[in-house]
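Student: Please find entry-v6.cif (mmCIF, C-alpha atoms) on the next line:
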data_coords
loop_
_atom_site.group_PDB
_atom_site.id
_atom_site.type_symbol
_atom_site.label_atom_id
_atom_site.label_comp_id
_atom_site.auth_asym_id
_atom_site.auth_seq_id
_atom_site.Cartn_x
_atom_site.Cartn_y
_atom_site.Cartn_z
ATOM 1 C CA MET A 1 -90.185 -14.651 7.112
ATOM 2 C CA THR A 2 -91.023 -15.333 3.501
ATOM 3 C CA THR A 3 -88.043 -15.246 1.152
ATOM 4 C CA ASP A 4 -88.025 -13.842 -2.370
ATOM 5 C CA GLU A 5 -87.720 -17.374 -3.726
ATOM 6 C CA GLU A 6 -90.695 -18.621 -1.727
ATOM 7 C CA VAL A 7 -92.808 -15.708 -2.910
ATOM 8 C CA ALA A 8 -91.830 -16.380 -6.519
ATOM 9 C CA ASP A 9 -92.598 -20.084 -6.177
ATOM 10 C CA ALA A 10 -96.006 -19.366 -4.657
ATOM 11 C CA SER A 11 -96.829 -16.884 -7.405
ATOM 12 C CA ALA A 12 -95.782 -19.306 -10.117
ATOM 13 C CA ALA A 13 -97.952 -21.998 -8.545
ATOM 14 C CA GLY A 14 -101.026 -19.774 -8.806
ATOM 15 C CA HIS A 15 -101.168 -18.738 -5.146
ATOM 16 C CA TRP A 16 -101.548 -15.075 -4.285
ATOM 17 C CA GLU A 17 -99.252 -14.389 -1.378
ATOM 18 C CA ARG A 18 -98.441 -10.691 -1.275
ATOM 19 C CA ALA A 19 -94.715 -10.069 -1.394
ATOM 20 C CA PRO A 20 -93.166 -7.422 0.869
ATOM 21 C CA GLY A 21 -92.890 -4.184 -1.087
ATOM 22 C CA ALA A 22 -89.105 -3.982 -0.845
ATOM 23 C CA ALA A 23 -88.707 -7.535 -2.164
ATOM 24 C CA ALA A 24 -91.058 -6.943 -5.093
ATOM 25 C CA TYR A 25 -89.355 -3.673 -5.994
ATOM 26 C CA ARG A 26 -85.890 -5.179 -5.760
ATOM 27 C CA ARG A 27 -86.874 -8.107 -7.980
ATOM 28 C CA ALA A 28 -88.112 -5.766 -10.714
ATOM 29 C CA ARG A 29 -85.061 -3.509 -10.496
ATOM 30 C CA GLU A 30 -82.639 -6.434 -10.602
ATOM 31 C CA ASN A 31 -84.523 -8.074 -13.461
ATOM 32 C CA LEU A 32 -84.534 -4.900 -15.521
ATOM 33 C CA THR A 33 -80.898 -4.133 -14.745
ATOM 34 C CA ALA A 34 -79.725 -7.605 -15.767
ATOM 35 C CA LEU A 35 -81.794 -7.434 -18.918
ATOM 36 C CA LEU A 36 -80.426 -4.050 -19.980
ATOM 37 C CA LEU A 37 -76.827 -4.925 -19.202
ATOM 38 C CA ALA A 38 -77.285 -7.709 -21.752
ATOM 39 C CA TYR A 39 -78.623 -5.143 -24.278
ATOM 40 C CA PRO A 40 -76.323 -2.099 -23.882
ATOM 41 C CA GLU A 41 -77.250 -0.950 -27.394
ATOM 42 C CA ALA A 42 -80.943 -0.714 -26.470
ATOM 43 C CA ALA A 43 -80.839 2.785 -24.931
ATOM 44 C CA GLY A 44 -82.426 4.449 -27.958
ATOM 45 C CA LEU A 45 -84.892 1.664 -28.709
ATOM 46 C CA PRO A 46 -88.534 2.835 -28.735
ATOM 47 C CA VAL A 47 -90.839 1.381 -26.081
ATOM 48 C CA PRO A 48 -94.217 0.821 -27.811
ATOM 49 C CA ALA A 49 -96.208 0.826 -24.571
ATOM 50 C CA CYS A 50 -94.853 4.306 -23.733
ATOM 51 C CA PRO A 51 -95.313 6.376 -26.909
ATOM 52 C CA GLY A 52 -92.427 8.761 -27.480
ATOM 53 C CA TRP A 53 -90.193 7.099 -24.909
ATOM 54 C CA THR A 54 -87.024 5.117 -25.462
ATOM 55 C CA VAL A 55 -85.589 2.461 -23.162
ATOM 56 C CA ALA A 56 -83.284 5.138 -21.711
ATOM 57 C CA ASP A 57 -86.319 7.354 -21.041
ATOM 58 C CA VAL A 58 -87.980 4.539 -19.090
ATOM 59 C CA VAL A 59 -84.857 4.029 -16.985
ATOM 60 C CA GLY A 60 -84.554 7.774 -16.434
ATOM 61 C CA HIS A 61 -88.152 7.888 -15.251
ATOM 62 C CA LEU A 62 -87.568 5.040 -12.814
ATOM 63 C CA VAL A 63 -84.459 6.720 -11.401
ATOM 64 C CA GLU A 64 -86.282 10.023 -10.908
ATOM 65 C CA VAL A 65 -89.253 8.292 -9.281
ATOM 66 C CA GLY A 66 -86.906 6.288 -7.071
ATOM 67 C CA ARG A 67 -85.048 9.415 -5.978
ATOM 68 C CA SER A 68 -88.262 11.271 -5.154
ATOM 69 C CA PHE A 69 -89.508 8.289 -3.199
ATOM 70 C CA ALA A 70 -86.222 7.779 -1.329
ATOM 71 C CA ASP A 71 -86.179 11.473 -0.419
ATOM 72 C CA ARG A 72 -89.708 11.029 0.990
ATOM 73 C CA GLU A 73 -90.987 13.836 -1.174
ATOM 74 C CA GLY A 74 -94.755 14.171 -1.100
ATOM 75 C CA VAL A 75 -95.087 14.338 -4.878
ATOM 76 C CA ASP A 76 -97.494 12.516 -7.136
ATOM 77 C CA LEU A 77 -95.405 9.644 -8.485
ATOM 78 C CA TRP A 78 -97.379 9.724 -11.735
ATOM 79 C CA LEU A 79 -96.176 13.281 -12.389
ATOM 80 C CA VAL A 80 -92.443 12.689 -11.886
ATOM 81 C CA PRO A 81 -90.805 13.407 -15.267
ATOM 82 C CA HIS A 82 -88.403 11.051 -16.949
ATOM 83 C CA ARG A 83 -84.824 12.119 -17.480
ATOM 84 C CA ARG A 84 -83.336 11.637 -20.909
ATOM 85 C CA ALA A 85 -79.939 9.954 -21.033
ATOM 86 C CA GLU A 86 -77.586 8.898 -23.792
ATOM 87 C CA GLY A 87 -76.694 5.552 -22.260
ATOM 88 C CA LEU A 88 -77.807 3.088 -19.617
ATOM 89 C CA ALA A 89 -74.778 2.284 -17.442
ATOM 90 C CA GLY A 90 -74.783 5.539 -15.443
ATOM 91 C CA PRO A 91 -78.519 5.648 -14.713
ATOM 92 C CA LEU A 92 -78.559 1.953 -13.799
ATOM 93 C CA GLU A 93 -75.694 2.481 -11.349
ATOM 94 C CA GLU A 94 -77.463 5.470 -9.830
ATOM 95 C CA TRP A 95 -80.648 3.432 -9.515
ATOM 96 C CA ALA A 96 -78.762 0.667 -7.692
ATOM 97 C CA GLN A 97 -77.439 3.205 -5.195
ATOM 98 C CA LEU A 98 -81.014 4.181 -4.340
ATOM 99 C CA GLU A 99 -81.852 0.595 -3.325
ATOM 100 C CA GLY A 100 -81.133 1.046 0.376
ATOM 101 C CA PRO A 101 -83.049 4.304 0.870
ATOM 102 C CA ILE A 102 -86.012 3.001 -1.137
ATOM 103 C CA ALA A 103 -86.095 -0.240 0.864
ATOM 104 C CA GLY A 104 -86.007 1.813 4.050
ATOM 105 C CA VAL A 105 -89.128 3.720 3.073
ATOM 106 C CA LEU A 106 -90.924 0.604 1.802
ATOM 107 C CA GLY A 107 -90.140 -1.128 5.099
ATOM 108 C CA GLY A 108 -92.051 1.511 7.065
ATOM 109 C CA PRO A 109 -95.795 1.751 7.711
ATOM 110 C CA PHE A 110 -97.715 1.004 4.537
ATOM 111 C CA GLU A 111 -98.843 3.880 2.350
ATOM 112 C CA LEU A 112 -100.706 3.668 -0.935
ATOM 113 C CA ARG A 113 -97.748 5.185 -2.755
ATOM 114 C CA HIS A 114 -95.671 2.151 -1.740
ATOM 115 C CA ALA A 115 -97.919 -0.037 -3.869
ATOM 116 C CA MET A 116 -97.866 2.584 -6.624
ATOM 117 C CA LEU A 117 -94.069 2.482 -6.687
ATOM 118 C CA THR A 118 -93.815 -1.304 -6.965
ATOM 119 C CA MET A 119 -96.560 -1.457 -9.587
ATOM 120 C CA ASP A 120 -94.899 1.288 -11.634
ATOM 121 C CA VAL A 121 -91.487 -0.373 -11.748
ATOM 122 C CA PHE A 122 -93.008 -3.755 -12.571
ATOM 123 C CA THR A 123 -95.163 -2.275 -15.323
ATOM 124 C CA HIS A 124 -92.112 -0.684 -16.898
ATOM 125 C CA GLU A 125 -90.116 -3.891 -16.564
ATOM 126 C CA LEU A 126 -92.827 -5.539 -18.648
ATOM 127 C CA ASP A 127 -92.826 -2.624 -21.116
ATOM 128 C CA VAL A 128 -89.100 -3.017 -21.715
ATOM 129 C CA ARG A 129 -89.366 -6.792 -22.021
ATOM 130 C CA VAL A 130 -91.922 -6.344 -24.789
ATOM 131 C CA ALA A 131 -89.709 -3.764 -26.524
ATOM 132 C CA LEU A 132 -86.772 -6.185 -26.454
ATOM 133 C CA GLY A 133 -88.821 -9.223 -27.437
ATOM 134 C CA GLU A 134 -88.033 -10.910 -24.108
ATOM 135 C CA PRO A 135 -90.531 -13.224 -22.356
ATOM 136 C CA VAL A 136 -92.479 -12.017 -19.353
ATOM 137 C CA PRO A 137 -91.564 -13.541 -15.961
ATOM 138 C CA ASP A 138 -93.974 -16.257 -14.872
ATOM 139 C CA GLY A 139 -93.250 -16.143 -11.147
ATOM 140 C CA HIS A 140 -92.783 -12.439 -10.492
ATOM 141 C CA PRO A 141 -93.775 -11.475 -6.923
ATOM 142 C CA SER A 142 -95.260 -8.161 -8.057
ATOM 143 C CA TYR A 143 -98.336 -9.566 -9.797
ATOM 144 C CA PRO A 144 -100.631 -9.871 -6.742
ATOM 145 C CA GLY A 145 -99.957 -6.459 -5.238
ATOM 146 C CA SER A 146 -99.953 -4.730 -8.612
ATOM 147 C CA ILE A 147 -103.343 -6.126 -9.608
ATOM 148 C CA ASP A 148 -104.760 -5.366 -6.169
ATOM 149 C CA LEU A 149 -103.734 -1.739 -6.644
ATOM 150 C CA VAL A 150 -105.000 -1.207 -10.181
ATOM 151 C CA VAL A 151 -108.327 -2.864 -9.389
ATOM 152 C CA ARG A 152 -108.827 -0.080 -6.837
ATOM 153 C CA GLY A 153 -108.363 2.437 -9.620
ATOM 154 C CA LEU A 154 -110.676 0.461 -11.894
ATOM 155 C CA ALA A 155 -113.336 0.423 -9.163
ATOM 156 C CA ASN A 156 -113.304 4.220 -9.040
ATOM 157 C CA SER A 157 -113.668 4.281 -12.822
ATOM 158 C CA VAL A 158 -116.607 1.848 -12.649
ATOM 159 C CA ARG A 159 -118.349 4.187 -10.205
ATOM 160 C CA ALA A 160 -117.530 7.283 -12.262
ATOM 161 C CA HIS A 161 -118.996 5.704 -15.408
ATOM 162 C CA GLY A 162 -122.145 4.606 -13.563
ATOM 163 C CA VAL A 163 -121.956 0.961 -14.655
ATOM 164 C CA PRO A 164 -122.569 -2.104 -12.457
ATOM 165 C CA ALA A 165 -119.745 -3.779 -10.602
ATOM 166 C CA LEU A 166 -117.327 -5.983 -12.503
ATOM 167 C CA ARG A 167 -115.760 -9.229 -11.269
ATOM 168 C CA LEU A 168 -112.227 -10.014 -12.473
ATOM 169 C CA VAL A 169 -110.895 -13.557 -12.233
ATOM 170 C CA ALA A 170 -107.421 -15.016 -12.721
ATOM 171 C CA PRO A 171 -106.293 -18.516 -11.729
ATOM 172 C CA GLY A 172 -106.069 -18.469 -7.941
ATOM 173 C CA ALA A 173 -107.672 -15.078 -7.302
ATOM 174 C CA GLU A 174 -110.598 -12.790 -8.016
ATOM 175 C CA TRP A 175 -111.531 -9.172 -7.404
ATOM 176 C CA VAL A 176 -114.654 -7.023 -7.567
ATOM 177 C CA ALA A 177 -114.442 -3.518 -8.994
ATOM 178 C CA GLY A 178 -117.397 -1.394 -7.983
ATOM 179 C CA ASP A 179 -120.239 -1.697 -5.500
ATOM 180 C CA GLY A 180 -122.828 -4.407 -5.077
ATOM 181 C CA GLU A 181 -123.215 -7.712 -6.864
ATOM 182 C CA PRO A 182 -121.120 -7.883 -10.047
ATOM 183 C CA ALA A 183 -123.174 -7.920 -13.227
ATOM 184 C CA VAL A 184 -120.427 -9.395 -15.386
ATOM 185 C CA THR A 185 -117.222 -11.400 -14.975
ATOM 186 C CA VAL A 186 -114.050 -11.150 -17.045
ATOM 187 C CA SER A 187 -111.528 -13.975 -16.747
ATOM 188 C CA ALA A 188 -107.953 -14.004 -18.014
ATOM 189 C CA HIS A 189 -104.349 -14.882 -17.278
ATOM 190 C CA ARG A 190 -103.081 -12.580 -14.528
ATOM 191 C CA HIS A 191 -100.605 -10.982 -16.939
ATOM 192 C CA ASP A 192 -103.345 -10.120 -19.412
ATOM 193 C CA LEU A 193 -105.502 -8.672 -16.625
ATOM 194 C CA LEU A 194 -102.655 -6.486 -15.379
ATOM 195 C CA ARG A 195 -101.794 -5.214 -18.850
ATOM 196 C CA SER A 196 -105.470 -4.526 -19.581
ATOM 197 C CA LEU A 197 -105.724 -2.467 -16.388
ATOM 198 C CA THR A 198 -102.588 -0.403 -17.035
ATOM 199 C CA GLY A 199 -103.292 1.005 -20.482
ATOM 200 C CA ARG A 200 -101.369 -1.636 -22.419
ATOM 201 C CA ARG A 201 -104.239 -3.330 -24.268
ATOM 202 C CA THR A 202 -106.674 -1.999 -26.856
ATOM 203 C CA ALA A 203 -110.433 -2.104 -26.393
ATOM 204 C CA GLU A 204 -110.548 -4.928 -28.930
ATOM 205 C CA GLN A 205 -108.004 -6.933 -26.949
ATOM 206 C CA ILE A 206 -109.873 -6.346 -23.702
ATOM 207 C CA ALA A 207 -113.152 -7.373 -25.336
ATOM 208 C CA ALA A 208 -111.458 -10.585 -26.530
ATOM 209 C CA LEU A 209 -110.879 -11.742 -22.946
ATOM 210 C CA GLU A 210 -113.336 -14.255 -21.500
ATOM 211 C CA TRP A 211 -116.465 -12.289 -20.580
ATOM 212 C CA SER A 212 -119.652 -13.721 -19.097
ATOM 213 C CA ALA A 213 -121.743 -11.160 -20.991
ATOM 214 C CA PRO A 214 -121.204 -8.641 -23.800
ATOM 215 C CA PRO A 215 -118.446 -6.300 -22.524
ATOM 216 C CA GLU A 216 -119.246 -3.073 -24.371
ATOM 217 C CA ARG A 217 -120.656 -1.211 -21.340
ATOM 218 C CA TRP A 218 -117.489 -1.842 -19.349
ATOM 219 C CA LEU A 219 -114.801 -1.165 -21.949
ATOM 220 C CA PRO A 220 -114.630 2.606 -21.248
ATOM 221 C CA VAL A 221 -113.776 2.001 -17.573
ATOM 222 C CA PHE A 222 -110.378 0.558 -18.523
ATOM 223 C CA GLY A 223 -109.111 4.073 -19.210
ATOM 224 C CA TRP A 224 -108.584 5.595 -15.768
ATOM 225 C CA GLY A 225 -106.129 7.757 -13.825
ATOM 226 C CA PRO A 226 -102.783 7.797 -15.647
ATOM 227 C CA PHE A 227 -103.817 5.056 -18.068
ATOM 228 C CA THR A 228 -105.310 5.469 -21.534
ATOM 229 C CA VAL A 229 -106.593 2.586 -23.638
ATOM 230 C CA PRO A 230 -104.360 2.595 -26.750
ATOM 231 C CA GLN A 231 -105.823 2.730 -30.233
ATOM 232 C CA THR A 232 -103.206 0.393 -31.693
ATOM 233 C CA ALA A 233 -102.019 -2.899 -30.233
ATOM 234 C CA THR A 234 -98.427 -2.901 -28.988
ATOM 235 C CA GLU A 235 -98.304 -6.475 -27.650
ATOM 236 C CA ARG A 236 -100.111 -9.782 -27.780
ATOM 237 C CA PRO A 237 -101.951 -11.591 -24.979
ATOM 238 C CA ILE A 238 -100.010 -14.466 -23.469
ATOM 239 C CA GLY A 239 -102.806 -16.561 -21.973
ATOM 240 C CA GLY A 240 -106.202 -17.949 -22.760
#
Can you dump the structure from the file as structure tokens?
Tutor:
Amino acid sequence: MTTDEEVADASAAGHWERAPGAAAYRRARENLTALLLAYPEAAGLPVPACPGWTVADVVGHLVEVGRSFADREGVDLWLVPHRRAEGLAGPLEEWAQLEGPIAGVLGGPFELRHAMLTMDVFTHELDVRVALGEPVPDGHPSYPGSIDLVVRGLANSVRAHGVPALRLVAPGAEWVAGDGEPAVTVSAHRHDLLRSLTGRRTAEQIAALEWSAPPERWLPVFGWGPFTVPQTATERPIGG
């Protein structure tokens, strides 16, 4: 059995071993909890990647999503509302108590919403890190599964926009979004790819990635599902 540490080491080394969903989710929850316990005054801090939300709103959202998931409710995880809270200690404790039930569901037969859950919590971990000015984790086990998932959404957007397939490349892995032979390739650090695919990068930032051809035809496809390409940059790329 692969341990959390082995998964993290493999990810940091550029390999793309998929972490078990429960391990990836737990890593993000523990990371975010430790971070926020070190910043108890951050509850009301705005989170630029989530306009109108504070850090407490993000945590409230994650608790509500976790509860719905643990209760095996057949709801759309993207539509679960966040819960406003004055502080962080209570919601973080409640979130920790959901760990066992969530792990139990994630340990069952795979469903697409399992990947949605782990991607969502990881995305919000990154959102809060940016809000606090904290570095992103280099060896997080959620990168492979999260990018796998959002490329599926991007592929549907490529088809809906009627543009040729797009190849995405990060060190150690590549994906094809769309059908047939890709007409263009975009290469970037895995973190920059993930943030570009989850509505955290502007069109200008996406266009500034390494493209094999002019990217203008493909820029609209990066707004898909729950994600909207922002008009104003809220963070900087971390890789070349």
Student: Measuring atom to atom with only C-alpha atoms, identify which of A:Ala115, A:Val65, A:Cys50, A:Leu194 is nearest to Gly145 of chain A.
Tutor: A:Ala115
Student: To one decimal place in Å, what is the distance between atom CA of Val47 of chain A and atom CA of Glu134 of chain A?
Tutor: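 Computed distance, atom CA of Val47 of chain A to atom CA of Glu134 of chain A, equals 12.8 Å.
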Student: Pick out the closest residue to Val105 of chain A from this set: A:Ile147, A:Leu126, A:Met119, A:Ala70. Count all atoms listed in the file.
Tutor: A:Ala70
Student: Which residue is closest to Gly44 of chain A? Choose from A:Val128, A:Leu106, A:Ala23, A:Ala96 and count all atoms listed in the file.
Tutor: A:Val128
Student: Which residues come within 12 Å of Leu209 of chain A, counting only C-alpha atoms, excluding same-chain residues fewer than 5 positions away, as a list in words?
Tutor: Leu168, Val169, Ala170, Thr185, Val186, Ser187, Ala188, His189, Arg190, His191, Asp192, Leu193, Arg195, Ser196, Arg201, Thr202, Ala203, Glu204, Pro214, Pro215, Leu219, Arg236, Pro237, Ile238, Gly239 and Gly240 of chain A
Student: I would like the residues chosen by the PyMOL selection byres ((chain A and resi 33) around 10) on the shown file; could you give them as a list of chain:residue names?
Tutor: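 Residues picked by the PyMOL selection byres ((chain A and resi 33) around 10): A:Arg27, A:Ala28, A:Arg29, A:Glu30, A:Asn31, A:Leu32, A:Ala34, A:Leu35, A:Leu36, A:Leu37, A:Ala38, A:Tyr39, A:Val59, A:Leu88, A:Ala89, A:Leu92, A:Glu93, A:Trp95, A:Ala96, A:Glu125.
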Student: Find the distance between atom CA of Leu197 of chain A and atom CA of Leu154 of chain A and write it in Å to one decimal.
Tutor: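 Result for atom CA of Leu197 of chain A versus atom CA of Leu154 of chain A: 7.3 Å, one decimal.
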Student: Give me, please, the distance in Å between atom CA of Asp148 of chain A and atom CA of Gly133 of chain A, quoted to one decimal.
Tutor: 26.9 Å
Student: Closest to Ala56 of chain A among A:Val151, A:Pro20, A:Ala42, A:Asn156, using all atoms listed in the file?
Tutor: A:Ala42
Student: Applied to this file, what does the PyMOL selection byres ((chain A and resi 102) around 12) return in terms of residues, put as a count of residues only?
Tutor: 34
Student: Tell me which of A:Ala233, A:Ala173, A:Ala49, A:Ala43 sits closest to Pro144 of chain A, counting only C-alpha atoms.
Tutor: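 Using only C-alpha atoms, the shortest distance to Pro144 of chain A belongs to A:Ala173.
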Student: Rank A:Val58, A:Ala208, A:Val163, A:Val221 by their smallest atom-to-atom distance to Asp120 of chain A, using all atoms listed in the file, and report the top residue only.
Tutor: A:Val58
Student: In the coordinate frame of the file, compute which residues have an atom within 10 Å of (-121.5, -6.3, -8.2) when using all atoms listed in the file, and state them as a list in words.
Tutor: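 Answer for this query, in the requested form: Val163, Pro164, Ala165, Leu166, Arg167, Val176, Ala177, Gly178, Asp179, Gly180, Glu181, Pro182, Ala183, Val184 and Thr185 of chain A.
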Student: Within 10 Å of Trp224 of chain A, counting only C-alpha atoms, which residues show up once you throw out same-chain ones fewer than 5 positions away? Write them as a PyMOL selection string, please.
Tutor: chain A and resi 150+153-158+160+197-199+229
Student: Could you add whatever atoms are missing so that segment 198-211 of chain A carries N, CA and C atoms, then write the result as a short mmCIF file (atom, residue, chain, number, x, y, z; two decimals), in the coordinates of the input?
Tutor:
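selection_13.cif written:
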data_model
loop_
_atom_site.label_atom_id
_atom_site.label_comp_id
_atom_site.auth_asym_id
_atom_site.auth_seq_id
_atom_site.Cartn_x
_atom_site.Cartn_y
_atom_site.Cartn_z
N THR A 198 -103.64 -1.42 -17.09
CA THR A 198 -102.59 -0.40 -17.04
C THR A 198 -102.34 0.23 -18.40
N GLY A 199 -103.38 0.29 -19.22
CA GLY A 199 -103.29 1.00 -20.48
C GLY A 199 -102.39 0.37 -21.52
N ARG A 200 -102.25 -0.95 -21.47
CA ARG A 200 -101.37 -1.64 -22.42
C ARG A 200 -102.14 -2.50 -23.41
N ARG A 201 -103.45 -2.52 -23.36
CA ARG A 201 -104.24 -3.33 -24.27
C ARG A 201 -105.34 -2.48 -24.90
N THR A 202 -105.62 -2.73 -26.17
CA THR A 202 -106.67 -2.00 -26.86
C THR A 202 -108.05 -2.47 -26.39
N ALA A 203 -109.07 -1.70 -26.73
CA ALA A 203 -110.43 -2.10 -26.39
C ALA A 203 -110.77 -3.44 -27.03
N GLU A 204 -110.29 -3.66 -28.25
CA GLU A 204 -110.55 -4.93 -28.93
C GLU A 204 -109.89 -6.09 -28.20
N GLN A 205 -108.68 -5.87 -27.70
CA GLN A 205 -108.00 -6.93 -26.95
C GLN A 205 -108.70 -7.20 -25.62
N ILE A 206 -109.16 -6.16 -24.97
CA ILE A 206 -109.87 -6.35 -23.70
C ILE A 206 -111.19 -7.08 -23.95
N ALA A 207 -111.88 -6.71 -25.01
CA ALA A 207 -113.15 -7.37 -25.34
C ALA A 207 -112.95 -8.84 -25.68
N ALA A 208 -111.74 -9.20 -26.14
CA ALA A 208 -111.46 -10.58 -26.53
C ALA A 208 -111.13 -11.49 -25.34
N LEU A 209 -111.04 -10.92 -24.13
CA LEU A 209 -110.88 -11.74 -22.95
C LEU A 209 -112.17 -12.54 -22.72
N GLU A 210 -112.16 -13.41 -21.75
CA GLU A 210 -113.34 -14.26 -21.50
C GLU A 210 -114.36 -13.50 -20.64
N TRP A 211 -115.42 -13.04 -21.26
CA TRP A 211 -116.46 -12.29 -20.58
C TRP A 211 -117.72 -13.15 -20.43
#
